[in-house]
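Below: one structure, written as structure tokens.
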Amino acid sequence: MTVEQNIIFPLRNAKIKRKIACQKAAEMARFVQIEDLLKRRPSQLSGGQQQRVAIARALIKSPKVLLLDEPLSNLDARLRLELREEIRGIQIRTGVTTVFVTHDQEEAMSITDQIVLMKKGVVQQVCSPYEMYCNPENKFVAAFLGNPPIDFFTVQAEDGIVPMGNGLRYRVKESLNGELIMGIRPESWKQGKGVRVTVKNLEIRGREQLVNFDIFGNKARAILDGFLPLHIDDELELTLTANTVYLFDPQTGNRVDNGGEIYAV
């Protein structure tokens with residue numbers, strides 16, 4: 001079928017008169033910016049254009065809920081970004097409730113008002129993207145969101161205090177003791193009095209650089225200013241911002257702290 005016939009198809013099933021259906025199809029085509037493609041067939045369309053046709057065909061029925069099951073999975077990176085923004089714009093303009101299924105965390109974070117994160121069919125957390133990123137309820141949630149991903153370390157807590165070396169401490173309100181899993185996001189690190197590390201590797205990303213080093217006997221990463229003059233084997237002193245540091249139970253994976261603070265002794 002042509003693009004126009006594809007868009008009209010749901011209205012034919014609803015017994016809408018052809019003249020009215022064609023008018024609605026033209027309006028919808030303008031809405032998703034494919035009005036000049038109405039006489040083309042699928043083989044004459046790019047992947048992004050085909051996706052716009054599918055969205056127009058779904059929206060022309062004026063649905064109460066729009067279901068999108070990984071609609072961008074077969075597109076190249078640049079087209080994914082463009083169409084992601086377009087879908088978000090369409091959702092805002094129409095106001096239709098949209099369920100967008102994806103395995104791509106960046107899509108989930110950027111396109112939604114609320115995320116439902118599932119693991120093997122079980123809901124792990126339901127909240128806004130901001131809340132999920134900043135306050136994960138368990139280790140799985142913390143690990144799923146973030147690029148580069150969060151680093152995890154086995155640490156020992158005593159009365160809610162976790163030593164981090166060189167006099168740096170992480171303190172929480174709860175009286176936690178024993179072995180815990182600490183999660184530290186790469187963007188939590190910054191230059192300052194605290195832990196002295198050796199640069200193991202550098203990845204330049206323009207305005208920022210990804211620095212690899214060892215702490216707690218494990219590899220760690222820090223996202224630092226790209227204009228900071230660093231080289232492999234340089235020594236660097238780092239401290240932490242506490243709002244993206246988390247503690248988890250090593251058995252259940254559930255988060256056991258409610259935020260804390262970094263201080264030096």
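To be explicit about the labels: the chains of the structure tokens are called A, B, and onward in the order shown, and within each one the residues are counted from 1, while ligands get numbers from 1 in the order they are shown.
Once segment 159-162 of chain A and its same-chain neighbours fewer than 5 positions away are set aside, Leu168, Arg169, Tyr170, Arg171, Val172, Lys173, Glu174, Ser175, Leu176, Asn177, Gly178, Glu179, Leu180, Met182, Leu247, Asp257, Gly260, Glu261 and Ile262 of chain A remain within 10 Å of it when counting only C-alpha atoms.
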Open item on the list: Write out as a ChimeraX atom specification the set of residues from segment 23-244 of chain A that DSSP, computed on the backbone, places in alpha helix (DSSP H).
Closed with: /A:23-31,47-59,77-94,105-111,129-134,139-144
Open item on the list: Report as a PyMOL selection string all protein, DNA and RNA residues lying within 10 Å of Ile204 of chain A, evaluated on only C-alpha atoms, omitting residues in the same chain fewer than 2 positions from it.
Closed with: chain A and resi 202+206-211+223-227
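The residue that comes closest to Leu230 of chain A, out of A:Gln191, A:Gln105, A:Thr154, A:Gln91 and on the basis of only C-alpha atoms, is A:Gln191.
Of the residues listed (A:Gly194, A:Glu106, A:Phe216, A:Asn138), A:Asn138 shows the shortest atom-to-atom separation from Gln251 of chain A; distances use only C-alpha atoms.
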- [ ] List the neighbours of Ser43 of chain A out to 12 Å using only C-alpha atoms; skip same-chain residues closer than 6 positions along the sequence, and give me the result as an NGL selection string.
- [x] :A and (1-3 or 37 or 49-50)
Output for the residues just chosen: C-alpha atoms as a JSON list (two decimals), in the first residue's frame:
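What ended up in again-v6.json:
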[["chain", "number", "residue", "atom", "x", "y", "z"],
["A", 1, "MET", "CA", 0.00, 0.00, 0.00],
["A", 2, "THR", "CA", 1.03, 3.63, -0.39],
["A", 3, "VAL", "CA", 1.75, 5.85, 2.60],
["A", 37, "LEU", "CA", 5.42, 11.12, 0.75],
["A", 49, "GLN", "CA", 10.02, 7.68, 7.28],
["A", 50, "GLN", "CA", 8.53, 4.22, 7.74]]
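For the choices A:Val141, A:Arg196, A:Met132, A:Ala56, the atom-to-atom distance to Lys119 of chain A is smallest for A:Val141 when using only C-alpha atoms.
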- [ ] Taking the DSSP assignment computed from this structure's backbone, write out as a PyMOL selection string all residues of segment 56-225 of chain A that belong to strand (DSSP E).
- [x] chain A and resi 65-69+97-101+115-119+122-127+151-157+161-163+168-172+178-184+189-198+201-204+208-215+218-225
I want to know what sits within 12 Å of Leu81 of chain A, based on only C-alpha atoms, with residues of the same chain fewer than 4 positions away left out; could you give that as a PDB file with N, CA and C atoms, in the first residue's frame?
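Saved file around_2.pdb follows:
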ATOM      1  N   GLY A  48      13.389   5.866   9.046  1.00  0.00           N
ATOM      2  CA  GLY A  48      12.732   6.904   9.835  1.00  0.00           C
ATOM      3  C   GLY A  48      11.388   7.293   9.264  1.00  0.00           C
ATOM      4  N   LEU A  72      12.527   2.247  17.765  1.00  0.00           N
ATOM      5  CA  LEU A  72      13.753   2.799  17.194  1.00  0.00           C
ATOM      6  C   LEU A  72      14.882   1.781  17.104  1.00  0.00           C
ATOM      7  N   SER A  73      14.593   0.527  17.387  1.00  0.00           N
ATOM      8  CA  SER A  73      15.651  -0.468  17.568  1.00  0.00           C
ATOM      9  C   SER A  73      16.445  -0.756  16.289  1.00  0.00           C
ATOM     10  N   LEU A  75      17.191   1.422  13.789  1.00  0.00           N
ATOM     11  CA  LEU A  75      17.648   2.647  13.136  1.00  0.00           C
ATOM     12  C   LEU A  75      19.081   2.962  13.545  1.00  0.00           C
ATOM     13  N   ASP A  76      19.789   3.721  12.682  1.00  0.00           N
ATOM     14  CA  ASP A  76      21.148   4.119  13.041  1.00  0.00           C
ATOM     15  C   ASP A  76      21.106   5.191  14.127  1.00  0.00           C
ATOM     16  N   ALA A  77      22.265   5.446  14.751  1.00  0.00           N
ATOM     17  CA  ALA A  77      22.325   6.281  15.959  1.00  0.00           C
ATOM     18  C   ALA A  77      21.765   7.678  15.733  1.00  0.00           C
ATOM     19  N   GLU A  85      13.360  12.476  19.451  1.00  0.00           N
ATOM     20  CA  GLU A  85      12.885  13.831  19.720  1.00  0.00           C
ATOM     21  C   GLU A  85      11.535  14.069  19.065  1.00  0.00           C
ATOM     22  N   GLU A  86      11.345  13.521  17.854  1.00  0.00           N
ATOM     23  CA  GLU A  86      10.082  13.698  17.146  1.00  0.00           C
ATOM     24  C   GLU A  86       8.929  13.009  17.874  1.00  0.00           C
ATOM     25  N   ILE A  87       9.175  11.780  18.349  1.00  0.00           N
ATOM     26  CA  ILE A  87       8.133  11.048  19.085  1.00  0.00           C
ATOM     27  C   ILE A  87       7.750  11.797  20.346  1.00  0.00           C
ATOM     28  N   ARG A  88       8.753  12.318  21.042  1.00  0.00           N
ATOM     29  CA  ARG A  88       8.468  13.080  22.253  1.00  0.00           C
ATOM     30  C   ARG A  88       7.638  14.323  21.917  1.00  0.00           C
ATOM     31  N   ASP A 104      16.976   0.516  25.859  1.00  0.00           N
ATOM     32  CA  ASP A 104      17.969   1.580  25.806  1.00  0.00           C
ATOM     33  C   ASP A 104      17.722   2.577  26.930  1.00  0.00           C
ATOM     34  N   GLU A 106      19.188   5.332  27.655  1.00  0.00           N
ATOM     35  CA  GLU A 106      19.219   6.733  27.241  1.00  0.00           C
ATOM     36  C   GLU A 106      17.871   7.157  26.672  1.00  0.00           C
ATOM     37  N   GLU A 107      17.245   6.268  25.892  1.00  0.00           N
ATOM     38  CA  GLU A 107      15.897   6.549  25.383  1.00  0.00           C
ATOM     39  C   GLU A 107      14.926   6.715  26.544  1.00  0.00           C
ATOM     40  N   SER A 110      15.424  10.046  28.417  1.00  0.00           N
ATOM     41  CA  SER A 110      15.222  11.297  27.698  1.00  0.00           C
ATOM     42  C   SER A 110      13.796  11.512  27.216  1.00  0.00           C
ATOM     43  N   ILE A 111      13.032  10.440  27.043  1.00  0.00           N
ATOM     44  CA  ILE A 111      11.762  10.583  26.350  1.00  0.00           C
ATOM     45  C   ILE A 111      10.552  10.494  27.276  1.00  0.00           C
TER      46      ILE A 111
END
TODO: Within 7 Å of Asn212 of chain A, counting only C-alpha atoms, which residues show up once you throw out same-chain ones fewer than 2 positions away? Write them as a VMD selection string, please.
DONE: chain A and resid 199 to 202 210 219 to 222
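With atom CA of Ala21 of chain A on one side and atom CA of Glu35 of chain A on the other, the separation reads 14.7 Å.
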Task: Counting only C-alpha atoms, the residue of A:Val195, A:Ala14, A:Thr244, A:Val65 that sits nearest Val96 of chain A - done: A:Val65
TODO: Enter the distance from atom CA of Gly89 of chain A to atom CA of Thr102 of chain A, in Å, rounded to one decimal.
DONE: 17.8 Å
Task: Shortest interatomic distance to Ile215 of chain A - which of A:Glu158, A:Glu82, A:Asp151, A:Asp233, counting only C-alpha atoms - done: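 For Ile215 of chain A, the nearest of the candidates is A:Asp151.
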